[in-house]
2 protein chains.
Amino acid sequence: MAEKTYSHIPTMTIGPLSEKTGCHIETIRYYERIGIMPSPPRTEGGHRVYREEHLKRLTFIRRSRELGFTLEEIRNLLLLVDGDDFTCDEVKTMTLEHADDVHRKIADLKKLERVLKDMVSQCDRGDVPDCPVIDALFQTKAYPSIATSP
Amino acid sequence: MAEKTYSHIPTMTIGPLSEKTGCHIETIRYYERIGIMPSPPRTEGGHRVYREEHLKRLTFIRRSRELGFTLEEIRNLLLLVDGDDFTCDEVKTMTLEHADDVHRKIADLKKLERVLKDMVSQCDRGDVPDCPVIDALFQTKAYPSIATSP
DNA sequence: TATGAGACCTGTAGTTAGTACAGGTTCAAG
DNA sequence: CTTGAACCTGTACTAACTACAGGTCTCATA
C-alpha cells in the first residue's frame with residue numbers, strides 16, 4: 001500500500017487540464033513558456049503531470065483573461081498572490097484601474113458607433129454610385145476626433 | 001516653360017505626407033509593403049515621391065482605421081472605390097456590419113465593467129489580506145459567462 | 001507481451017497592425 | 001563642397017495566442 005510516488009494525489013496530463021479549464025493545450029504550454037504557469041513535473045517519457053494547484057492557478061489566469069486583464073496584469077496579480085503578503089487594497093486598486101480602462105473603451109466605442117450610424121443614415125437612396133460613406137472617409141475631419149484608446 | 005517632368009504638380013516626400021495625414025513614416029511604408037498604398041515613383045536616389053492622390057488615399061485609410069475598420073475591411077472598401085463601379089449599398093452593408101461589431105463589443109464591455117465593479121464592491125474593508133477579488137478570480141464560474149468577442 | 005490509436009512532445013512560423021532600430025545613402029541649404 | 005537632416009532597406013519586436021510538421025509516449029485491448 002505504501003507507494004513512493006504521489007499516486008494518492010489526483011494528477012492529470014495536459015489534455016484533461018485543458019478540458020477542465022477551457023484553455024487550449026497550446027495555450028497552456030505557451031503560459032509555461034512565458035513563465036506564468038510553472039513547469040510541472042514530467043513522466044519518464046516527458047509528458048507533463050499536473051496537480052490540483054496547477055488547475056487552480058490556470059483557472060485564475062483564465063478567469064482574469066476573461067475579465068480582460070492582460071497577461072502582464074495577471075503576472076502582477078499572481079505575484080501578489082504568490083507573495084501572500086498582499087493587501088486587498090492593492091488588488092482593489094488594480095481592478096479599479098482596469099475597470100476605468102474598460103469604461104474609457106466603452107465611451108470610445110460609443111462615439112464610434114454614433115459616427116458610423118450617422119454616416120450610414122446619409123445614404124438611403126440605395127444603389128446610386130455616389131456614396132456618402134466613402135465621401136466621409138475621404139474627409140480629413142468630418143467629425144470631432146474619435147480617440148480610440150490603444 | 002515647357003518641362004517634360006510633372007513639376008507643375010505638387011509633390012512631396014514621405015515626411016510631409018506623414019505630417020499631413022498623421023501616419024507614421026514607418027506605417028506608410030508598411031502600407032505600401034502590404035499593398036494597400038501603391039508604390040509611388042522615386043527620385044533618382046530612391047526617395048519616394050507622392051502626389052495629391054496618395055494623400056487622398058492615405059487619408060481614407062487613416063480615417064477608416066480611426067473608425068475601427070480592419071485593414072482587411074479597408075482593402076475591400078478600396079477595391080470598391082478603385083473599381084468605381086461600386087454601389088452605395090455595398091458600402092452601406094459593410095459599414096452596418098462593422099457598426100454591429102462595435103455594438104456587440106460595447107455590450108460585452110458593459111458586462112465586464114459590471115462584473116469588475118461588483119467584485120470591487122465586495123472589498124471595502126481596506127487592508128485585510130483576505131481579498132474577495134482574488135477569491136472571485138479563483139472561482140470557475142462566479143458570474144454568468146462573459147462573452148468577450150474576439 | 002505486442003500493438004496501434006490517440007495523446008503528447010518540441011520547434012517553428014503565422015496572425016494583426018504596426019513600432020523600433022541599425023547601418024547606410026541622398027538631398028538641399030549654406 | 002560640406003554637413004546634417006531626411007530618407008532608404010531589412011530585420012526584429014510587440015500581444016496573446018494558433019497552427020502546423022514530424023516525431024515520441026502511453027495504455028487499453030488482443
# chains A, B, ... in the order shown; residues from 1 in each chain; ligands from 1

call {"tool": "select_by_dssp", "arguments": {"residues": "chain A", "states": "helix (DSSP H, G or I)", "output": "MDAnalysis selection string"}}
result
chainID A and resid 14:21 25:33 52:66 71:83 88:122 132:138

call {"tool": "interface_residues", "arguments": {"of": "chain D", "to": "chain B", "cutoff": "8 Å", "atoms": "only C-alpha atoms (C1' of nucleotides)", "output": "list of chain:residue names"}}
result
D:DA6, D:DC7, D:DC8

call {"tool": "closest_atom_pairs", "arguments": {"of": "chain C", "to": "chain A", "cutoff": "8 Å", "atoms": "only C-alpha atoms (C1' of nucleotides)", "output": "JSON lines"}}
result
{"residue": "C:DA7", "atom": "C1'", "partner": "A:Gly15", "partner_atom": "CA", "distance": 7.7}
{"residue": "C:DC8", "atom": "C1'", "partner": "A:His47", "partner_atom": "CA", "distance": 6.3}
{"residue": "C:DC9", "atom": "C1'", "partner": "A:His47", "partner_atom": "CA", "distance": 7.3}

call {"tool": "interface_residues", "arguments": {"of": "chain B", "to": "chain A", "cutoff": "8 Å", "atoms": "only C-alpha atoms", "output": "PyMOL selection string"}}
result
chain B and resi 56-57+59-61+63-64+66-68+81+85-89+91-92+95-96+99+102-103+105-106+109-110+112-113+116-117+120+123+126-134+137-140+146-148

call {"tool": "residues_around", "arguments": {"residues": "stretch 21-24 of chain C", "least_positions_apart": "5", "cutoff": "12 Å", "atoms": "only C-alpha atoms (C1' of nucleotides)", "output": "ChimeraX atom specification"}}
result
/B:26 /D:7-13

call {"tool": "write_last_selection", "arguments": {"atoms": "N, CA and C atoms (P, O5', C5', C4', C3', O3' and C1' of nucleotides)", "output": "compact mmCIF listing (two decimals), in the first residue's frame"}}
result
# COMPACT_ATOMS: atom_id res chain seq x y z
N GLU B 26 6.94 54.99 -40.93
CA GLU B 26 7.07 53.54 -40.99
C GLU B 26 5.74 52.89 -41.37
P DC D 7 11.64 62.85 -45.20
O5' DC D 7 12.35 61.53 -45.77
C5' DC D 7 12.82 61.54 -47.10
C4' DC D 7 13.76 60.39 -47.31
C3' DC D 7 13.15 59.00 -47.14
O3' DC D 7 12.67 58.52 -48.38
C1' DC D 7 15.43 59.15 -46.38
P DC D 8 12.01 57.06 -48.43
O5' DC D 8 13.27 56.08 -48.39
C5' DC D 8 14.04 55.90 -49.58
C4' DC D 8 15.10 54.84 -49.34
C3' DC D 8 14.55 53.51 -48.85
O3' DC D 8 14.17 52.71 -49.95
C1' DC D 8 16.49 54.12 -47.61
P DT D 9 13.24 51.44 -49.68
O5' DT D 9 14.25 50.40 -49.06
C5' DT D 9 15.40 49.98 -49.80
C4' DT D 9 16.18 48.98 -48.99
C3' DT D 9 15.37 47.74 -48.61
O3' DT D 9 16.08 46.57 -49.02
C1' DT D 9 16.35 48.73 -46.66
P DG D 10 15.35 45.14 -49.01
O5' DG D 10 15.78 44.59 -47.57
C5' DG D 10 17.11 44.78 -47.10
C4' DG D 10 17.20 44.34 -45.66
C3' DG D 10 16.23 43.21 -45.30
O3' DG D 10 16.96 42.14 -44.69
C1' DG D 10 16.00 45.00 -43.77
P DT D 11 16.26 40.77 -44.35
O5' DT D 11 16.20 40.85 -42.76
C5' DT D 11 17.37 41.27 -42.04
C4' DT D 11 16.96 41.65 -40.63
C3' DT D 11 16.07 40.60 -39.94
O3' DT D 11 16.77 40.11 -38.80
C1' DT D 11 15.24 42.81 -39.63
P DA D 12 16.13 38.87 -37.96
O5' DA D 12 15.59 39.63 -36.67
C5' DA D 12 16.38 40.67 -36.07
C4' DA D 12 15.54 41.37 -35.05
C3' DA D 12 14.64 40.42 -34.25
O3' DA D 12 14.67 40.82 -32.89
C1' DA D 12 13.34 42.11 -35.20
P DC D 13 14.12 39.86 -31.74
O5' DC D 13 12.88 40.68 -31.19
C5' DC D 13 13.10 41.93 -30.54
C4' DC D 13 11.79 42.68 -30.47
C3' DC D 13 10.65 41.87 -29.86
O3' DC D 13 10.52 42.19 -28.49
C1' DC D 13 9.96 43.18 -31.75

call {"tool": "residues_around", "arguments": {"residues": "A:Tyr30", "least_positions_apart": "4", "cutoff": "12 Å", "atoms": "only C-alpha atoms (C1' of nucleotides)", "output": "list in words"}}
result
Cys23, His24, Ile25, Glu26, Ile34, Gly35, Ile36, Met37, Pro38, Ser39, Leu58 and Leu71 of chain A; DA16, DC17 and DT18 of chain D

call {"tool": "write_last_selection", "arguments": {"atoms": "N, CA, C and O atoms (P, O5', C5', C4', C3', O3' and C1' of nucleotides)", "output": "tab-separated table (two decimals), in the first residue's frame"}}
result
chain	number	residue	atom	x	y	z
A	23	CYS	N	-8.85	26.01	-21.52
A	23	CYS	CA	-7.67	26.57	-22.20
A	23	CYS	C	-7.15	25.58	-23.23
A	23	CYS	O	-7.00	24.40	-22.91
A	24	HIS	N	-6.84	26.04	-24.40
A	24	HIS	CA	-6.23	25.15	-25.38
A	24	HIS	C	-4.90	24.63	-24.85
A	24	HIS	O	-4.19	25.33	-24.13
A	25	ILE	N	-4.57	23.41	-25.26
A	25	ILE	CA	-3.31	22.79	-24.87
A	25	ILE	C	-2.13	23.69	-25.22
A	25	ILE	O	-1.23	23.91	-24.41
A	26	GLU	N	-2.15	24.21	-26.43
A	26	GLU	CA	-1.05	25.08	-26.86
A	26	GLU	C	-0.93	26.31	-25.98
A	26	GLU	O	0.16	26.81	-25.72
A	34	ILE	N	6.15	31.36	-21.12
A	34	ILE	CA	6.35	32.74	-20.72
A	34	ILE	C	6.39	32.89	-19.20
A	34	ILE	O	6.50	33.99	-18.68
A	35	GLY	N	6.29	31.78	-18.53
A	35	GLY	CA	6.55	31.80	-17.08
A	35	GLY	C	5.41	32.18	-16.17
A	35	GLY	O	5.65	32.49	-15.00
A	36	ILE	N	4.17	32.18	-16.65
A	36	ILE	CA	3.10	32.44	-15.68
A	36	ILE	C	2.47	31.15	-15.14
A	36	ILE	O	1.77	31.18	-14.15
A	37	MET	N	2.79	30.05	-15.82
A	37	MET	CA	2.49	28.74	-15.25
A	37	MET	C	3.82	28.07	-14.96
A	37	MET	O	4.76	28.20	-15.75
A	38	PRO	N	3.93	27.38	-13.82
A	38	PRO	CA	5.20	26.72	-13.52
A	38	PRO	C	5.39	25.49	-14.40
A	38	PRO	O	4.41	24.94	-14.90
A	39	SER	N	6.66	25.12	-14.61
A	39	SER	CA	6.93	23.86	-15.30
A	39	SER	C	6.54	22.73	-14.38
A	39	SER	O	7.09	22.61	-13.29
A	58	LEU	N	-4.34	27.93	-13.19
A	58	LEU	CA	-4.75	28.14	-14.58
A	58	LEU	C	-6.17	28.71	-14.64
A	58	LEU	O	-6.48	29.56	-15.47
A	71	LEU	N	-1.96	39.75	-19.76
A	71	LEU	CA	-1.09	38.77	-19.11
A	71	LEU	C	-0.12	39.48	-18.17
A	71	LEU	O	0.26	38.94	-17.14
D	16	DA	P	-1.47	40.49	-23.59
D	16	DA	O5'	-1.99	39.15	-24.30
D	16	DA	C5'	-3.07	39.24	-25.19
D	16	DA	C4'	-3.17	37.94	-25.94
D	16	DA	C3'	-2.95	36.66	-25.09
D	16	DA	O3'	-3.96	35.74	-25.41
D	16	DA	C1'	-1.68	36.56	-27.00
D	17	DC	P	-4.25	34.54	-24.39
D	17	DC	O5'	-3.09	33.47	-24.70
D	17	DC	C5'	-3.30	32.38	-25.57
D	17	DC	C4'	-3.43	32.82	-27.01
D	17	DC	C3'	-3.73	31.67	-27.94
D	17	DC	O3'	-5.10	31.75	-28.32
D	17	DC	C1'	-2.10	33.17	-28.86
D	18	DT	P	-5.81	30.37	-28.76
D	18	DT	O5'	-5.22	30.10	-30.22
D	18	DT	C5'	-5.66	30.88	-31.32
D	18	DT	C4'	-5.00	30.35	-32.58
D	18	DT	C3'	-5.23	28.86	-32.83
D	18	DT	O3'	-5.72	28.77	-34.16
D	18	DT	C1'	-2.93	29.39	-33.00

call {"tool": "select_by_dssp", "arguments": {"residues": "chain B", "states": "strand (DSSP E)", "output": "list in words"}}
result
Thr11, Met12, Tyr50 and Arg51 of chain B

call {"tool": "write_last_selection", "arguments": {"atoms": "C-alpha atoms", "output": "short mmCIF file (atom, residue, chain, number, x, y, z; two decimals), in the first residue's frame"}}
result
data_model
loop_
_atom_site.label_atom_id
_atom_site.label_comp_id
_atom_site.auth_asym_id
_atom_site.auth_seq_id
_atom_site.Cartn_x
_atom_site.Cartn_y
_atom_site.Cartn_z
CA THR B 11 4.61 66.57 -54.89
CA MET B 12 6.05 65.65 -51.54
CA TYR B 50 3.95 61.34 -53.54
CA ARG B 51 1.14 63.27 -55.20
#

call {"tool": "decode", "arguments": {"residues": "stretch 14-28 of chain C", "atoms": "N, CA, C and O atoms (P, O5', C5', C4', C3', O3' and C1' of nucleotides)", "output": "PDB file, in the first residue's frame"}}
result
ATOM      1  P    DG C  14       5.904  32.087 -41.926  1.00  0.00           P
ATOM      2  O5'  DG C  14       4.397  32.414 -41.547  1.00  0.00           O
ATOM      3  C5'  DG C  14       3.358  31.432 -41.727  1.00  0.00           C
ATOM      4  C4'  DG C  14       2.147  31.904 -40.960  1.00  0.00           C
ATOM      5  C3'  DG C  14       1.886  33.401 -41.115  1.00  0.00           C
ATOM      6  O3'  DG C  14       0.586  33.642 -41.616  1.00  0.00           O
ATOM      7  C1'  DG C  14       1.899  32.768 -38.813  1.00  0.00           C
ATOM      8  P    DT C  15       0.241  35.094 -42.101  1.00  0.00           P
ATOM      9  O5'  DT C  15      -0.681  35.594 -40.901  1.00  0.00           O
ATOM     10  C5'  DT C  15      -1.804  34.820 -40.485  1.00  0.00           C
ATOM     11  C4'  DT C  15      -2.360  35.414 -39.225  1.00  0.00           C
ATOM     12  C3'  DT C  15      -2.441  36.939 -39.233  1.00  0.00           C
ATOM     13  O3'  DT C  15      -3.734  37.326 -39.666  1.00  0.00           O
ATOM     14  C1'  DT C  15      -1.688  36.045 -37.116  1.00  0.00           C
ATOM     15  P    DT C  16      -3.960  38.750 -40.260  1.00  0.00           P
ATOM     16  O5'  DT C  16      -3.877  39.701 -39.007  1.00  0.00           O
ATOM     17  C5'  DT C  16      -4.947  39.759 -38.091  1.00  0.00           C
ATOM     18  C4'  DT C  16      -4.814  41.053 -37.321  1.00  0.00           C
ATOM     19  C3'  DT C  16      -4.527  42.273 -38.200  1.00  0.00           C
ATOM     20  O3'  DT C  16      -5.314  43.351 -37.732  1.00  0.00           O
ATOM     21  C1'  DT C  16      -2.790  41.985 -36.607  1.00  0.00           C
ATOM     22  P    DA C  17      -5.669  44.518 -38.719  1.00  0.00           P
ATOM     23  O5'  DA C  17      -4.584  45.576 -38.264  1.00  0.00           O
ATOM     24  C5'  DA C  17      -4.694  46.150 -36.968  1.00  0.00           C
ATOM     25  C4'  DA C  17      -3.433  46.909 -36.675  1.00  0.00           C
ATOM     26  C3'  DA C  17      -2.961  47.816 -37.833  1.00  0.00           C
ATOM     27  O3'  DA C  17      -2.489  49.044 -37.295  1.00  0.00           O
ATOM     28  C1'  DA C  17      -1.243  46.456 -37.165  1.00  0.00           C
ATOM     29  P    DG C  18      -2.387  50.311 -38.204  1.00  0.00           P
ATOM     30  O5'  DG C  18      -1.018  50.078 -38.969  1.00  0.00           O
ATOM     31  C5'  DG C  18       0.166  50.746 -38.583  1.00  0.00           C
ATOM     32  C4'  DG C  18       0.746  50.123 -37.339  1.00  0.00           C
ATOM     33  C3'  DG C  18       2.003  50.802 -36.843  1.00  0.00           C
ATOM     34  O3'  DG C  18       1.685  51.644 -35.760  1.00  0.00           O
ATOM     35  C1'  DG C  18       2.115  48.403 -36.679  1.00  0.00           C
ATOM     36  P    DT C  19       2.638  52.849 -35.397  1.00  0.00           P
ATOM     37  O5'  DT C  19       3.871  52.128 -34.677  1.00  0.00           O
ATOM     38  C5'  DT C  19       3.733  51.642 -33.353  1.00  0.00           C
ATOM     39  C4'  DT C  19       5.092  51.190 -32.848  1.00  0.00           C
ATOM     40  C3'  DT C  19       6.199  52.244 -32.935  1.00  0.00           C
ATOM     41  O3'  DT C  19       6.838  52.239 -31.665  1.00  0.00           O
ATOM     42  C1'  DT C  19       6.892  50.260 -33.973  1.00  0.00           C
ATOM     43  P    DA C  20       8.066  53.221 -31.408  1.00  0.00           P
ATOM     44  O5'  DA C  20       9.318  52.296 -31.723  1.00  0.00           O
ATOM     45  C5'  DA C  20       9.579  51.159 -30.903  1.00  0.00           C
ATOM     46  C4'  DA C  20      10.967  50.642 -31.253  1.00  0.00           C
ATOM     47  C3'  DA C  20      12.001  51.741 -31.465  1.00  0.00           C
ATOM     48  O3'  DA C  20      13.249  51.285 -30.954  1.00  0.00           O
ATOM     49  C1'  DA C  20      11.885  50.423 -33.384  1.00  0.00           C
ATOM     50  P    DC C  21      14.299  52.268 -30.328  1.00  0.00           P
ATOM     51  O5'  DC C  21      14.955  53.019 -31.527  1.00  0.00           O
ATOM     52  C5'  DC C  21      15.838  52.699 -32.547  1.00  0.00           C
ATOM     53  C4'  DC C  21      16.390  51.332 -32.621  1.00  0.00           C
ATOM     54  C3'  DC C  21      17.708  51.311 -33.337  1.00  0.00           C
ATOM     55  O3'  DC C  21      18.699  50.703 -32.544  1.00  0.00           O
ATOM     56  C1'  DC C  21      16.082  50.020 -34.535  1.00  0.00           C
ATOM     57  P    DA C  22      20.178  51.284 -32.579  1.00  0.00           P
ATOM     58  O5'  DA C  22      20.930  50.397 -33.675  1.00  0.00           O
ATOM     59  C5'  DA C  22      20.638  49.001 -33.831  1.00  0.00           C
ATOM     60  C4'  DA C  22      21.277  48.534 -35.135  1.00  0.00           C
ATOM     61  C3'  DA C  22      22.547  49.295 -35.511  1.00  0.00           C
ATOM     62  O3'  DA C  22      23.452  48.364 -36.096  1.00  0.00           O
ATOM     63  C1'  DA C  22      20.913  49.584 -37.203  1.00  0.00           C
ATOM     64  P    DG C  23      24.987  48.752 -36.191  1.00  0.00           P
ATOM     65  O5'  DG C  23      25.164  49.010 -37.759  1.00  0.00           O
ATOM     66  C5'  DG C  23      24.562  48.132 -38.700  1.00  0.00           C
ATOM     67  C4'  DG C  23      24.483  48.832 -40.036  1.00  0.00           C
ATOM     68  C3'  DG C  23      25.626  49.830 -40.295  1.00  0.00           C
ATOM     69  O3'  DG C  23      26.038  49.679 -41.641  1.00  0.00           O
ATOM     70  C1'  DG C  23      23.592  50.874 -40.650  1.00  0.00           C
ATOM     71  P    DG C  24      27.395  50.339 -42.180  1.00  0.00           P
ATOM     72  O5'  DG C  24      26.902  51.038 -43.518  1.00  0.00           O
ATOM     73  C5'  DG C  24      26.111  50.271 -44.452  1.00  0.00           C
ATOM     74  C4'  DG C  24      25.187  51.187 -45.199  1.00  0.00           C
ATOM     75  C3'  DG C  24      25.886  52.323 -45.951  1.00  0.00           C
ATOM     76  O3'  DG C  24      25.719  52.157 -47.352  1.00  0.00           O
ATOM     77  C1'  DG C  24      23.898  53.048 -44.881  1.00  0.00           C
ATOM     78  P    DT C  25      26.365  53.193 -48.335  1.00  0.00           P
ATOM     79  O5'  DT C  25      25.158  54.141 -48.744  1.00  0.00           O
ATOM     80  C5'  DT C  25      24.033  53.569 -49.417  1.00  0.00           C
ATOM     81  C4'  DT C  25      23.038  54.666 -49.759  1.00  0.00           C
ATOM     82  C3'  DT C  25      23.572  55.774 -50.664  1.00  0.00           C
ATOM     83  O3'  DT C  25      22.627  55.941 -51.701  1.00  0.00           O
ATOM     84  C1'  DT C  25      22.551  56.705 -48.752  1.00  0.00           C
ATOM     85  P    DT C  26      22.942  56.966 -52.870  1.00  0.00           P
ATOM     86  O5'  DT C  26      22.009  58.191 -52.476  1.00  0.00           O
ATOM     87  C5'  DT C  26      20.605  57.967 -52.326  1.00  0.00           C
ATOM     88  C4'  DT C  26      19.935  59.259 -51.932  1.00  0.00           C
ATOM     89  C3'  DT C  26      20.208  60.450 -52.841  1.00  0.00           C
ATOM     90  O3'  DT C  26      18.940  61.005 -53.135  1.00  0.00           O
ATOM     91  C1'  DT C  26      20.581  61.040 -50.595  1.00  0.00           C
ATOM     92  P    DC C  27      18.769  62.086 -54.283  1.00  0.00           P
ATOM     93  O5'  DC C  27      18.398  63.369 -53.429  1.00  0.00           O
ATOM     94  C5'  DC C  27      17.470  63.234 -52.379  1.00  0.00           C
ATOM     95  C4'  DC C  27      17.428  64.501 -51.542  1.00  0.00           C
ATOM     96  C3'  DC C  27      17.568  65.801 -52.329  1.00  0.00           C
ATOM     97  O3'  DC C  27      16.440  66.593 -51.984  1.00  0.00           O
ATOM     98  C1'  DC C  27      19.121  65.728 -50.507  1.00  0.00           C
ATOM     99  P    DA C  28      16.053  67.860 -52.826  1.00  0.00           P
ATOM    100  O5'  DA C  28      16.593  69.052 -51.910  1.00  0.00           O
ATOM    101  C5'  DA C  28      16.211  69.112 -50.544  1.00  0.00           C
ATOM    102  C4'  DA C  28      17.048  70.153 -49.822  1.00  0.00           C
ATOM    103  C3'  DA C  28      17.276  71.457 -50.594  1.00  0.00           C
ATOM    104  O3'  DA C  28      17.236  72.506 -49.628  1.00  0.00           O
ATOM    105  C1'  DA C  28      19.336  70.546 -50.014  1.00  0.00           C
TER     106       DA C  28
END
